[in-house]
file data.csv (CSV, C-alpha atoms)
chain,number,residue,atom,x,y,z
A,1,MET,CA,0.0,0.0,0.0
A,2,SER,CA,2.8,2.4,0.8
A,3,LYS,CA,4.4,1.7,-2.6
A,4,PHE,CA,1.1,2.5,-4.2
A,5,LEU,CA,0.8,5.8,-2.4
A,6,LYS,CA,4.4,6.6,-3.1
A,7,LEU,CA,3.8,6.0,-6.8
A,8,PHE,CA,0.8,8.4,-6.9
A,9,SER,CA,2.9,11.1,-5.1
A,10,ASN,CA,5.7,10.8,-7.7
A,11,ARG,CA,5.8,13.9,-9.8
A,12,ILE,CA,7.0,12.2,-12.9
A,13,PHE,CA,4.3,9.5,-12.7
A,14,VAL,CA,1.5,12.1,-12.1
A,15,THR,CA,2.8,14.2,-15.0
A,16,ILE,CA,2.5,11.2,-17.2
A,17,ILE,CA,-1.1,10.7,-16.0
A,18,TRP,CA,-1.9,14.4,-16.5
A,19,PHE,CA,-0.8,14.5,-20.2
A,20,GLY,CA,-1.5,10.8,-20.9
A,21,LEU,CA,-5.2,10.9,-20.1
A,22,SER,CA,-5.7,14.0,-22.2
A,23,PHE,CA,-3.7,12.6,-25.1
A,24,PHE,CA,-5.8,9.4,-25.0
A,25,ALA,CA,-9.0,11.4,-24.9
A,26,ILE,CA,-8.2,13.6,-27.9
A,27,LEU,CA,-6.6,10.9,-29.9
A,28,LYS,CA,-9.8,8.8,-29.7
A,29,GLN,CA,-11.9,11.9,-30.7
A,30,ALA,CA,-9.5,13.0,-33.5
A,31,LEU,CA,-9.3,9.6,-35.1
A,32,HIS,CA,-13.1,9.4,-35.3
A,33,GLN,CA,-13.3,13.0,-36.4
A,34,HIS,CA,-15.4,13.9,-33.3
A,35,ILE,CA,-13.9,17.3,-33.0
A,36,ASN,CA,-16.7,19.6,-33.7
A,37,ASN,CA,-15.5,22.2,-31.2
A,38,TYR,CA,-12.2,22.4,-32.9
A,39,TYR,CA,-13.9,23.1,-36.2
A,40,ILE,CA,-15.8,26.0,-34.5
A,41,TYR,CA,-12.5,27.3,-33.2
A,42,LYS,CA,-10.7,26.9,-36.5
A,43,TYR,CA,-13.3,28.7,-38.5
A,44,THR,CA,-13.3,31.6,-36.0
A,45,PHE,CA,-9.9,32.6,-37.5
A,46,ILE,CA,-10.8,31.8,-41.1
A,47,ASN,CA,-14.0,33.8,-40.8
A,48,LEU,CA,-12.1,36.7,-39.2
A,49,VAL,CA,-9.7,36.9,-42.1
A,50,HIS,CA,-12.5,36.6,-44.7
A,51,GLN,CA,-14.8,38.9,-42.8
A,52,VAL,CA,-17.6,36.4,-42.4
A,53,ASN,CA,-19.9,36.7,-39.4
A,54,LEU,CA,-18.1,34.9,-36.5
A,55,TYR,CA,-21.3,33.9,-34.8
A,56,ALA,CA,-23.5,32.8,-37.7
A,57,PRO,CA,-24.3,29.1,-38.1
A,58,GLN,CA,-22.2,27.3,-40.7
A,59,PRO,CA,-23.6,23.7,-40.8
A,60,ARG,CA,-21.4,23.0,-43.8
A,61,TYR,CA,-18.4,23.1,-41.5
A,62,PHE,CA,-19.6,22.6,-37.9
A,63,LEU,CA,-22.6,22.2,-35.7
A,64,ASP,CA,-23.7,24.8,-33.1
A,65,THR,CA,-22.2,28.3,-33.2
A,66,ASN,CA,-19.2,30.2,-31.9
A,67,HIS,CA,-19.4,32.0,-28.6
A,68,TYR,CA,-15.8,33.3,-28.2
A,69,GLY,CA,-14.7,36.8,-28.7
A,70,PRO,CA,-12.8,38.0,-31.8
A,71,LEU,CA,-9.4,37.8,-30.0
A,72,PHE,CA,-9.8,34.1,-29.7
A,73,ALA,CA,-9.3,33.8,-33.5
A,74,LEU,CA,-5.7,34.8,-33.0
A,75,VAL,CA,-5.2,32.2,-30.2
A,76,ILE,CA,-6.4,29.4,-32.5
A,77,ALA,CA,-4.7,30.8,-35.6
A,78,PRO,CA,-1.4,28.8,-35.4
A,79,PHE,CA,-3.3,25.5,-35.2
A,80,THR,CA,-5.4,26.2,-38.3
A,81,LEU,CA,-2.2,25.8,-40.4
A,82,LEU,CA,-2.0,22.1,-39.5
A,83,PRO,CA,-4.2,19.2,-40.7
A,84,ASP,CA,-7.3,19.0,-38.5
A,85,THR,CA,-6.3,15.7,-36.8
A,86,LEU,CA,-2.9,17.0,-35.8
A,87,GLY,CA,-4.1,20.5,-35.1
A,88,SER,CA,-6.8,19.3,-32.7
A,89,ILE,CA,-4.4,17.0,-30.8
A,90,LEU,CA,-1.8,19.8,-30.5
A,91,TRP,CA,-4.6,22.2,-29.4
A,92,VAL,CA,-5.7,20.0,-26.5
A,93,MET,CA,-2.1,19.2,-25.4
A,94,VAL,CA,-1.2,22.9,-25.4
A,95,ASN,CA,-4.3,23.6,-23.2
A,96,ALA,CA,-3.1,20.9,-20.8
A,97,TRP,CA,0.4,22.3,-20.8
A,98,VAL,CA,-0.7,25.9,-20.0
A,99,LEU,CA,-2.7,24.7,-17.0
A,100,TYR,CA,0.2,22.4,-15.9
A,101,GLN,CA,2.6,25.3,-16.0
A,102,ALA,CA,0.1,27.5,-14.0
A,103,ILE,CA,-0.1,24.8,-11.3
A,104,LEU,CA,3.7,24.6,-11.0
A,105,LEU,CA,3.9,28.3,-10.3
A,106,LEU,CA,1.4,28.2,-7.4
A,107,PRO,CA,2.8,29.1,-4.0
A,108,LEU,CA,2.5,25.5,-2.8
A,109,SER,CA,5.0,22.8,-2.0
A,110,VAL,CA,6.1,20.4,-4.6
A,111,THR,CA,4.1,17.6,-3.0
A,112,GLN,CA,1.0,19.9,-2.9
A,113,ARG,CA,1.3,20.8,-6.6
A,114,THR,CA,1.6,17.1,-7.5
A,115,ALA,CA,-1.6,16.4,-5.5
A,116,VAL,CA,-3.4,19.2,-7.4
A,117,LEU,CA,-2.4,17.7,-10.7
A,118,LEU,CA,-3.6,14.3,-9.6
A,119,ILE,CA,-6.9,15.6,-8.2
A,120,CYS,CA,-7.7,17.5,-11.5
A,121,ALA,CA,-6.3,14.9,-14.0
A,122,HIS,CA,-9.7,13.2,-14.7
A,123,GLU,CA,-11.6,16.5,-14.9
A,124,LEU,CA,-8.9,17.7,-17.4
A,125,MET,CA,-9.5,14.5,-19.5
A,126,THR,CA,-13.3,15.3,-19.6
A,127,SER,CA,-12.5,18.8,-21.0
A,128,SER,CA,-9.9,17.3,-23.4
A,129,PHE,CA,-12.4,14.8,-24.6
A,130,ASN,CA,-14.6,17.7,-25.7
A,131,VAL,CA,-11.7,19.6,-27.3
A,132,GLN,CA,-12.4,22.5,-25.0
A,133,PHE,CA,-10.6,25.8,-24.2
A,134,ASN,CA,-11.5,25.6,-20.5
A,135,PRO,CA,-8.1,24.2,-19.3
A,136,MET,CA,-6.3,27.3,-20.8
A,137,MET,CA,-9.0,29.5,-19.3
A,138,ALA,CA,-8.3,28.0,-15.9
A,139,GLY,CA,-4.6,28.5,-16.4
A,140,ILE,CA,-5.2,32.2,-17.3
A,141,ILE,CA,-7.1,32.8,-14.1
A,142,VAL,CA,-4.5,31.0,-12.0
A,143,LEU,CA,-1.6,32.9,-13.7
A,144,SER,CA,-3.4,36.2,-13.2
A,145,TYR,CA,-3.1,35.6,-9.5
A,146,VAL,CA,0.4,34.3,-9.7
A,147,PHE,CA,1.7,37.3,-11.7
A,148,ILE,CA,0.1,39.7,-9.3
A,149,ARG,CA,1.6,37.9,-6.3
A,150,ARG,CA,5.0,38.1,-8.0
A,151,ARG,CA,4.5,41.8,-8.6
A,152,GLN,CA,4.3,41.3,-12.4
A,153,ASP,CA,1.2,43.4,-12.7
A,154,PHE,CA,1.8,44.2,-16.4
A,155,TRP,CA,1.6,40.6,-17.4
A,156,ALA,CA,-1.3,39.9,-15.0
A,157,ALA,CA,-3.2,42.6,-16.7
A,158,LEU,CA,-2.5,41.1,-20.1
A,159,LEU,CA,-4.0,37.8,-19.0
A,160,ILE,CA,-7.0,39.4,-17.4
A,161,VAL,CA,-7.8,41.5,-20.5
A,162,ALA,CA,-7.1,38.6,-22.9
A,163,GLY,CA,-9.3,36.2,-20.9
A,164,THR,CA,-12.1,38.7,-20.8
A,165,TYR,CA,-11.9,39.4,-24.6
A,166,ILE,CA,-11.9,35.7,-25.3
A,167,LYS,CA,-14.5,34.2,-23.0
A,168,LEU,CA,-15.5,36.9,-20.4
A,169,TYR,CA,-14.5,34.5,-17.6
A,170,GLY,CA,-11.1,36.1,-17.5
A,171,ILE,CA,-12.6,39.2,-15.8
A,172,VAL,CA,-12.6,37.3,-12.5
A,173,GLY,CA,-8.9,37.9,-12.4
A,174,LEU,CA,-9.8,41.4,-11.0
A,175,ALA,CA,-10.7,39.5,-7.8
A,176,PHE,CA,-7.0,39.6,-7.0
A,177,PHE,CA,-6.7,43.4,-7.5
A,178,PHE,CA,-6.2,44.1,-3.7
A,179,PHE,CA,-3.1,41.8,-3.7
A,180,SER,CA,-1.3,44.2,-6.0
A,181,ASP,CA,1.5,46.3,-4.5
A,182,ASN,CA,1.2,48.9,-7.3
A,183,LYS,CA,-2.5,49.4,-8.0
A,184,LEU,CA,-1.9,52.4,-10.3
A,185,LYS,CA,0.5,50.4,-12.5
A,186,PHE,CA,-2.0,47.6,-12.5
A,187,ILE,CA,-4.9,49.9,-13.6
A,188,LEU,CA,-2.8,51.6,-16.3
A,189,SER,CA,-1.7,48.1,-17.6
A,190,LEU,CA,-5.3,47.1,-17.8
A,191,ILE,CA,-6.1,50.2,-19.9
A,192,PHE,CA,-3.0,49.6,-22.1
A,193,TRP,CA,-3.8,46.0,-22.8
A,194,GLY,CA,-7.5,46.8,-23.2
A,195,ILE,CA,-6.7,49.1,-26.1
A,196,VAL,CA,-4.0,46.9,-27.7
A,197,LEU,CA,-6.0,43.6,-27.6
A,198,PHE,CA,-9.2,45.2,-28.7
A,199,ALA,CA,-7.4,46.5,-31.8
A,200,LEU,CA,-5.2,43.5,-32.5
A,201,PRO,CA,-7.7,41.4,-34.5
A,202,MET,CA,-8.1,44.4,-36.8
A,203,LEU,CA,-4.6,43.6,-38.2
A,204,PHE,CA,-6.0,40.4,-39.7
A,205,SER,CA,-9.3,41.8,-40.8
A,206,SER,CA,-10.7,45.4,-40.7
A,207,PRO,CA,-11.6,47.8,-37.9
A,208,SER,CA,-15.3,47.9,-39.0
A,209,PHE,CA,-15.6,44.1,-39.1
A,210,VAL,CA,-14.1,43.7,-35.7
A,211,MET,CA,-16.3,46.4,-34.2
A,212,GLN,CA,-19.3,44.7,-35.7
A,213,SER,CA,-18.0,41.3,-34.4
A,214,TYR,CA,-18.0,42.6,-30.8
A,215,TYR,CA,-21.6,43.7,-31.2
A,216,ASP,CA,-22.5,40.3,-32.7
A,217,TRP,CA,-20.7,38.5,-29.9
A,218,TYR,CA,-22.8,40.4,-27.3
A,219,ALA,CA,-26.0,39.4,-29.2
A,220,SER,CA,-24.9,35.8,-29.4
A,221,LEU,CA,-24.2,35.6,-25.7
A,222,VAL,CA,-27.6,37.1,-24.8
A,223,GLU,CA,-29.3,34.5,-27.1
A,224,LYS,CA,-27.2,31.7,-25.6
A,225,ASN,CA,-28.1,32.7,-22.1
A,226,ALA,CA,-31.8,32.5,-22.9
A,227,LEU,CA,-31.4,29.0,-24.3
A,228,ASN,CA,-29.2,27.7,-21.5
A,229,ALA,CA,-32.1,27.3,-19.1
A,230,THR,CA,-33.8,24.7,-21.3
A,231,SER,CA,-30.7,22.6,-22.1
A,232,THR,CA,-29.5,19.7,-19.9
A,233,MET,CA,-26.0,20.2,-21.4
A,234,GLN,CA,-25.8,23.8,-20.3
A,235,ASP,CA,-26.6,25.7,-17.1
A,236,ILE,CA,-24.9,23.2,-14.9
A,237,SER,CA,-24.9,25.8,-12.1
A,238,VAL,CA,-26.6,26.6,-8.8
A,239,MET,CA,-29.4,28.4,-10.7
A,240,GLY,CA,-29.7,25.4,-13.0
A,241,MET,CA,-30.1,23.0,-10.0
A,242,ILE,CA,-32.8,25.1,-8.5
A,243,ARG,CA,-34.6,25.5,-11.8
A,244,ARG,CA,-34.6,21.8,-12.5
A,245,ILE,CA,-35.1,20.4,-9.0
A,246,PHE,CA,-38.1,22.6,-8.2
A,247,GLN,CA,-39.3,22.7,-11.8
A,248,TYR,CA,-39.1,26.5,-11.8
A,249,PRO,CA,-37.6,27.5,-15.2
A,250,GLN,CA,-38.6,31.1,-14.8
A,251,LEU,CA,-36.2,31.6,-11.9
A,252,SER,CA,-34.3,34.9,-12.3
A,253,ASN,CA,-30.6,34.5,-12.1
A,254,LEU,CA,-30.4,37.7,-9.9
A,255,ILE,CA,-32.2,36.0,-7.1
A,256,VAL,CA,-29.3,33.7,-6.7
A,257,MET,CA,-26.4,35.8,-8.1
A,258,VAL,CA,-26.9,38.9,-5.8
A,259,PRO,CA,-26.7,36.9,-2.5
A,260,ALA,CA,-23.8,34.9,-3.9
A,261,LEU,CA,-21.9,38.1,-4.9
A,262,LEU,CA,-22.5,39.6,-1.4
A,263,LEU,CA,-21.3,36.4,0.2
A,264,PHE,CA,-18.2,36.3,-2.1
A,265,GLY,CA,-17.6,39.9,-1.1
A,266,THR,CA,-17.4,39.1,2.6
A,267,SER,CA,-14.0,37.5,1.9
A,268,TYR,CA,-12.5,40.9,1.5
A,269,LEU,CA,-13.3,41.8,5.1
A,270,LYS,CA,-10.1,40.1,6.1
A,271,ILE,CA,-8.0,43.1,5.1
A,272,HIS,CA,-5.1,42.3,7.3
A,273,SER,CA,-4.8,38.9,5.7
A,274,TYR,CA,-4.3,40.1,2.1
A,275,ARG,CA,-0.6,39.4,2.1
A,276,GLN,CA,-1.0,35.9,3.5
A,277,ALA,CA,-0.6,33.1,1.0
A,278,PRO,CA,-3.1,30.8,2.6
A,279,TYR,CA,-5.8,33.5,2.4
A,280,GLN,CA,-4.9,34.3,-1.2
A,281,LEU,CA,-5.1,30.7,-2.2
A,282,LEU,CA,-8.5,30.3,-0.6
A,283,LEU,CA,-9.7,33.4,-2.4
A,284,LEU,CA,-8.3,32.0,-5.7
A,285,ALA,CA,-10.1,28.7,-5.0
A,286,SER,CA,-13.3,30.5,-4.3
A,287,THR,CA,-13.0,32.6,-7.5
A,288,LEU,CA,-12.4,29.5,-9.7
A,289,ILE,CA,-15.4,27.7,-8.3
A,290,PHE,CA,-17.6,30.8,-8.3
A,291,THR,CA,-16.9,31.5,-11.9
A,292,VAL,CA,-18.4,28.2,-12.9
A,293,ILE,CA,-21.2,27.4,-10.5
A,294,PHE,CA,-22.9,30.8,-10.9
A,295,SER,CA,-22.7,30.8,-14.7
A,296,THR,CA,-25.6,29.7,-16.8
A,297,GLY,CA,-23.1,28.9,-19.6
A,298,SER,CA,-21.4,26.2,-17.5
A,299,GLU,CA,-21.4,22.7,-19.0
A,300,SER,CA,-19.6,19.5,-17.9
A,301,PRO,CA,-16.2,20.3,-19.6
A,302,THR,CA,-16.2,23.8,-17.9
A,303,TYR,CA,-15.7,22.2,-14.5
A,304,ILE,CA,-12.0,21.8,-14.9
A,305,ILE,CA,-12.0,25.5,-13.8
A,306,ALA,CA,-14.0,24.8,-10.7
A,307,PHE,CA,-12.1,21.6,-9.9
A,308,MET,CA,-8.9,23.5,-9.9
A,309,GLY,CA,-10.5,25.5,-7.1
A,310,VAL,CA,-11.5,22.3,-5.3
A,311,ALA,CA,-7.9,21.0,-5.5
A,312,ILE,CA,-6.3,24.3,-4.3
A,313,TRP,CA,-8.8,24.5,-1.4
A,314,TYR,CA,-8.0,21.0,-0.3
A,315,MET,CA,-4.2,21.4,-0.5
A,316,ASN,CA,-4.6,24.7,1.5
A,317,LEU,CA,-6.4,23.2,4.5
A,318,LEU,CA,-4.9,23.1,7.9
A,319,ARG,CA,-3.5,19.6,8.7
A,320,PRO,CA,-4.8,17.2,9.8
A,321,VAL,CA,-7.9,17.6,7.6
A,322,THR,CA,-11.3,16.8,9.2
A,323,LYS,CA,-13.7,14.0,8.2
A,324,LEU,CA,-16.0,16.7,6.8
A,325,GLU,CA,-13.3,18.0,4.5
A,326,ILE,CA,-12.3,14.6,3.3
A,327,SER,CA,-16.0,13.8,2.7
A,328,LEU,CA,-16.4,16.9,0.6
A,329,LEU,CA,-13.4,16.1,-1.6
A,330,ILE,CA,-14.7,12.5,-2.1
A,331,PHE,CA,-18.2,13.9,-2.9
A,332,ALA,CA,-16.7,16.2,-5.5
A,333,LEU,CA,-14.5,13.5,-7.0
A,334,VAL,CA,-17.4,11.1,-7.4
A,335,ILE,CA,-20.3,13.4,-8.4
A,336,THR,CA,-18.5,16.2,-10.2
A,337,SER,CA,-15.5,14.5,-11.8
A,338,LEU,CA,-16.5,10.9,-12.3
A,339,SER,CA,-20.2,11.1,-13.0
A,340,PRO,CA,-19.8,11.9,-16.8
A,341,SER,CA,-17.4,8.9,-17.2
A,342,ASP,CA,-17.8,5.2,-17.8
A,343,LEU,CA,-16.6,4.7,-14.2
A,344,PHE,CA,-19.9,6.0,-12.9
A,345,PRO,CA,-23.3,4.2,-13.2
A,346,LYS,CA,-24.9,5.5,-16.3
A,347,PHE,CA,-28.4,5.0,-14.9
A,348,ILE,CA,-27.7,7.4,-12.0
A,349,ASN,CA,-26.0,9.9,-14.2
A,350,LYS,CA,-28.8,10.0,-16.8
A,351,THR,CA,-31.6,9.8,-14.2
A,352,TYR,CA,-30.4,12.2,-11.5
A,353,ILE,CA,-27.0,13.9,-12.2
A,354,LYS,CA,-27.7,15.4,-15.6
A,355,PRO,CA,-31.4,16.2,-15.3
A,356,TYR,CA,-30.9,18.1,-12.1
A,357,ALA,CA,-27.5,19.6,-12.8
A,358,LEU,CA,-26.1,17.9,-9.7
A,359,LYS,CA,-22.6,18.1,-11.0
A,360,ALA,CA,-22.6,21.6,-9.5
A,361,LEU,CA,-23.7,20.5,-6.0
A,362,PRO,CA,-20.4,19.3,-4.5
A,363,CYS,CA,-18.6,22.4,-5.8
A,364,PHE,CA,-21.3,24.6,-4.3
A,365,ALA,CA,-20.9,22.9,-0.9
A,366,ILE,CA,-17.2,23.3,-1.0
A,367,TRP,CA,-17.5,27.0,-2.1
A,368,LEU,CA,-19.7,27.6,1.0
A,369,ARG,CA,-17.1,25.9,3.1
A,370,ILE,CA,-14.4,28.1,1.7
A,371,ILE,CA,-16.3,31.3,2.5
A,372,TYR,CA,-16.8,30.0,6.0
A,373,GLU,CA,-13.1,29.2,6.4
A,374,ILE,CA,-12.0,32.6,5.0
A,375,LEU,CA,-14.2,34.3,7.5
A,376,THR,CA,-13.2,32.2,10.5
A,377,ARG,CA,-9.6,31.3,10.0
A,378,ASN,CA,-6.8,33.3,11.6
A,379,PHE,CA,-4.3,33.7,8.7
A,380,ASN,CA,-2.0,36.1,10.5
A,381,ARG,CA,-0.8,33.4,12.9
A,382,GLN,CA,0.4,31.2,10.1
A,383,PRO,CA,3.8,31.6,8.4
A,384,VAL,CA,3.8,33.1,5.0
A,385,TYR,CA,4.8,30.5,2.5
A,386,VAL,CA,7.6,31.6,0.1
A,387,ALA,CA,7.2,30.0,-3.3
A,388,GLN,CA,10.2,27.7,-4.3
call {"tool": "encode", "arguments": {"input": "data.csv", "output": "structure tokens"}}
result
Amino acid sequence: MSKFLKLFSNRIFVTIIWFGLSFFAILKQALHQHINNYYIYKYTFINLVHQVNLYAPQPRYFLDTNHYGPLFALVIAPFTLLPDTLGSILWVMVNAWVLYQAILLLPLSVTQRTAVLLICAHELMTSSFNVQFNPMMAGIIVLSYVFIRRRQDFWAALLIVAGTYIKLYGIVGLAFFFFSDNKLKFILSLIFWGIVLFALPMLFSSPSFVMQSYYDWYASLVEKNALNATSTMQDISVMGMIRRIFQYPQLSNLIVMVPALLLFGTSYLKIHSYRQAPYQLLLLASTLIFTVIFSTGSESPTYIIAFMGVAIWYMNLLRPVTKLEISLLIFALVITSLSPSDLFPKFINKTYIKPYALKALPCFAIWLRIIYEILTRNFNRQPVYVAQ
């Protein structure tokens, strides 16, 4: 048993699992040409260059429609030069690599980072299986925090603005604003990158087309938000759970979002803890989870973002951990991470988990626990961890 545990705490072995599971998932999808999301991404760049509406249906090339900002076209651009099979595989592996690098830069011990990789590996595979951008998005949010902590506000601002222009989720990086030692530089950097990245797609298209694309993007998101409440694949959120469990589809998101935002805001009451790494990591975990469980656009592959929050929370707990904390982690591993897979009973998944958006439930419970811990834990009595 000790050898088994030692194996799963080995950094090299866990790294192989991290990339191996994602490679297996995308290889299977690519060989069967089940890479519809990649086609959507690919044609975002092609349509930008040829000035074709980025958000119009193109059933000749892909199903569904694009919901990413014009800047995303430049992110996917290098991959469009490759054959689709190779391009999709490389795309997924680069996503996994970005998140991997972000984890390695967290102010945690080597053992803790390895544990984060292991906890999130299966959820990463779920996202990779769907050829999603979400692992990179999770990496962008984590790196926004890391760069602010390292006083690299200019680069943190770049990631926050880029993430916002790509998928809106990136804006949550502003949650770490109070960790900045030079807030004026941070604000000026946000303005600088806001202008540069807004205009950058125009170099590959035209100013008028890009301006129109931002308007079209807004319209597509409004339309998508209205459709999410009626889809079992979308709205895997706290609001989605309430709507489906209580058969109340007309529930206003604000009824849930306003109290959630107020509760999230209480975390900033611990002003004297702002410089403490344990406090910062708990706020990072809270932000990652909040971004997903209170978004109507959340779907199963999006949960790699939230699960990063779960893993960071668990590694940041005071030792020894309690039975409740262990139970919450197991609850999340089973219901959130494993439920979409073949390792979980399909009957339970199809009858209860999917119809009632219960994938969000463990993350919601952990998020509430994080808020409680932030408010009650004495961070100032703990040593500040210095990143290795």
call {"tool": "atom_distance", "arguments": {"input": "data.csv", "atom1": "atom CA of A:Ser128", "atom2": "atom CA of A:Ile26"}}
result
6.1 Å
call {"tool": "closest_residue", "arguments": {"input": "data.csv", "among": "A:Asn53, A:Tyr218, A:Phe347, A:Gly20", "to": "A:His122", "atoms": "all atoms listed in the file"}}
result
A:Gly20
call {"tool": "closest_atom_pairs", "arguments": {"input": "data.csv", "of": "stretch 69-154 of chain A", "to": "stretch 184-193 of chain A", "cutoff": "10 Å", "atoms": "only C-alpha atoms", "output": "tab-separated table"}}
result
residue	atom	partner	partner_atom	distance
A:Ile148	CA	A:Phe186	CA	8.8
A:Arg151	CA	A:Phe186	CA	9.5
A:Gln152	CA	A:Phe186	CA	8.9
A:Asp153	CA	A:Phe186	CA	5.3
A:Phe154	CA	A:Ser189	CA	5.4
call {"tool": "closest_residue", "arguments": {"input": "data.csv", "among": "A:Phe79, A:Trp367, A:Tyr372, A:Tyr38", "to": "A:Leu63", "atoms": "only C-alpha atoms"}}
result
A:Tyr38
call {"tool": "closest_residue", "arguments": {"input": "data.csv", "among": "A:Lys42, A:Arg377, A:Lys28, A:His67", "to": "A:Gln276", "atoms": "all atoms listed in the file"}}
result
A:Arg377
call {"tool": "residues_around", "arguments": {"input": "data.csv", "residues": "A:His272", "least_positions_apart": "2", "cutoff": "12 Å", "atoms": "all atoms listed in the file", "output": "ChimeraX atom specification"}}
result
/A:178-179,267-270,274-276,279-280,378-381
call {"tool": "residues_around", "arguments": {"input": "data.csv", "residues": "A:Asn349", "least_positions_apart": "5", "cutoff": "10 Å", "atoms": "only C-alpha atoms", "output": "PyMOL selection string"}}
result
chain A and resi 335+338-341+344+354-359
call {"tool": "residues_near_point", "arguments": {"input": "data.csv", "point": "(-27.7, 21.0, -6.2)", "cutoff": "9 Å", "atoms": "all atoms listed in the file", "output": "list in words"}}
result
Ser237, Val238, Met239, Gly240, Met241, Ile242, Ile245, Tyr356, Ala357, Leu358, Lys359, Ala360, Leu361, Pro362, Phe364 and Ala365 of chain A
call {"tool": "closest_atom_pairs", "arguments": {"input": "data.csv", "of": "stretch 45-84 of chain A", "to": "stretch 155-161 of chain A", "cutoff": "12 Å", "atoms": "all atoms listed in the file", "output": "JSON lines"}}
result
{"residue": "A:Gly69", "atom": "CA", "partner": "A:Val161", "partner_atom": "CA", "distance": 11.7}
{"residue": "A:Leu71", "atom": "CA", "partner": "A:Val161", "partner_atom": "CA", "distance": 10.3}
{"residue": "A:Phe72", "atom": "CA", "partner": "A:Val161", "partner_atom": "CA", "distance": 12.0}
call {"tool": "closest_residue", "arguments": {"input": "data.csv", "among": "A:Phe307, A:Phe331, A:Phe13, A:Phe129", "to": "A:Val116", "atoms": "all atoms listed in the file"}}
result
A:Phe307
call {"tool": "residues_around", "arguments": {"input": "data.csv", "residues": "A:Ile119", "least_positions_apart": "4", "cutoff": "9 Å", "atoms": "all atoms listed in the file", "output": "PDB file with C-alpha atoms, in the frame of the given file"}}
result
ATOM      1  CA  THR A 114       1.600  17.100  -7.500  1.00  0.00           C
ATOM      2  CA  ALA A 115      -1.600  16.400  -5.500  1.00  0.00           C
ATOM      3  CA  GLU A 123     -11.600  16.500 -14.900  1.00  0.00           C
ATOM      4  CA  PHE A 307     -12.100  21.600  -9.900  1.00  0.00           C
ATOM      5  CA  MET A 308      -8.900  23.500  -9.900  1.00  0.00           C
ATOM      6  CA  VAL A 310     -11.500  22.300  -5.300  1.00  0.00           C
ATOM      7  CA  ALA A 311      -7.900  21.000  -5.500  1.00  0.00           C
ATOM      8  CA  LEU A 333     -14.500  13.500  -7.000  1.00  0.00           C
TER       9      LEU A 333
END
call {"tool": "closest_residue", "arguments": {"input": "data.csv", "among": "A:Ser337, A:Gln33, A:Asn66, A:Asn10", "to": "A:Val110", "atoms": "all atoms listed in the file"}}
result
A:Asn10
call {"tool": "decode", "arguments": {"input": "data.csv", "residues": "stretch 78-110 of chain A", "atoms": "C-alpha atoms", "output": "PDB file, in the first residue's frame"}}
result
ATOM      1  CA  PRO A  78      -1.380  28.785 -35.448  1.00  0.00           C
ATOM      2  CA  PHE A  79      -3.288  25.499 -35.184  1.00  0.00           C
ATOM      3  CA  THR A  80      -5.353  26.189 -38.316  1.00  0.00           C
ATOM      4  CA  LEU A  81      -2.183  25.815 -40.409  1.00  0.00           C
ATOM      5  CA  LEU A  82      -2.039  22.113 -39.532  1.00  0.00           C
ATOM      6  CA  PRO A  83      -4.177  19.169 -40.705  1.00  0.00           C
ATOM      7  CA  ASP A  84      -7.281  18.966 -38.532  1.00  0.00           C
ATOM      8  CA  THR A  85      -6.314  15.736 -36.765  1.00  0.00           C
ATOM      9  CA  LEU A  86      -2.876  17.018 -35.815  1.00  0.00           C
ATOM     10  CA  GLY A  87      -4.144  20.503 -35.081  1.00  0.00           C
ATOM     11  CA  SER A  88      -6.843  19.286 -32.692  1.00  0.00           C
ATOM     12  CA  ILE A  89      -4.421  16.999 -30.837  1.00  0.00           C
ATOM     13  CA  LEU A  90      -1.849  19.756 -30.472  1.00  0.00           C
ATOM     14  CA  TRP A  91      -4.559  22.203 -29.384  1.00  0.00           C
ATOM     15  CA  VAL A  92      -5.669  19.950 -26.532  1.00  0.00           C
ATOM     16  CA  MET A  93      -2.132  19.215 -25.399  1.00  0.00           C
ATOM     17  CA  VAL A  94      -1.210  22.911 -25.373  1.00  0.00           C
ATOM     18  CA  ASN A  95      -4.279  23.571 -23.215  1.00  0.00           C
ATOM     19  CA  ALA A  96      -3.137  20.868 -20.792  1.00  0.00           C
ATOM     20  CA  TRP A  97       0.394  22.295 -20.801  1.00  0.00           C
ATOM     21  CA  VAL A  98      -0.743  25.861 -19.987  1.00  0.00           C
ATOM     22  CA  LEU A  99      -2.711  24.678 -16.965  1.00  0.00           C
ATOM     23  CA  TYR A 100       0.159  22.403 -15.924  1.00  0.00           C
ATOM     24  CA  GLN A 101       2.591  25.322 -15.955  1.00  0.00           C
ATOM     25  CA  ALA A 102       0.141  27.482 -13.995  1.00  0.00           C
ATOM     26  CA  ILE A 103      -0.098  24.822 -11.279  1.00  0.00           C
ATOM     27  CA  LEU A 104       3.687  24.588 -11.024  1.00  0.00           C
ATOM     28  CA  LEU A 105       3.851  28.335 -10.299  1.00  0.00           C
ATOM     29  CA  LEU A 106       1.381  28.243  -7.405  1.00  0.00           C
ATOM     30  CA  PRO A 107       2.802  29.111  -3.963  1.00  0.00           C
ATOM     31  CA  LEU A 108       2.502  25.504  -2.802  1.00  0.00           C
ATOM     32  CA  SER A 109       5.046  22.830  -1.971  1.00  0.00           C
ATOM     33  CA  VAL A 110       6.129  20.351  -4.641  1.00  0.00           C
TER      34      VAL A 110
END
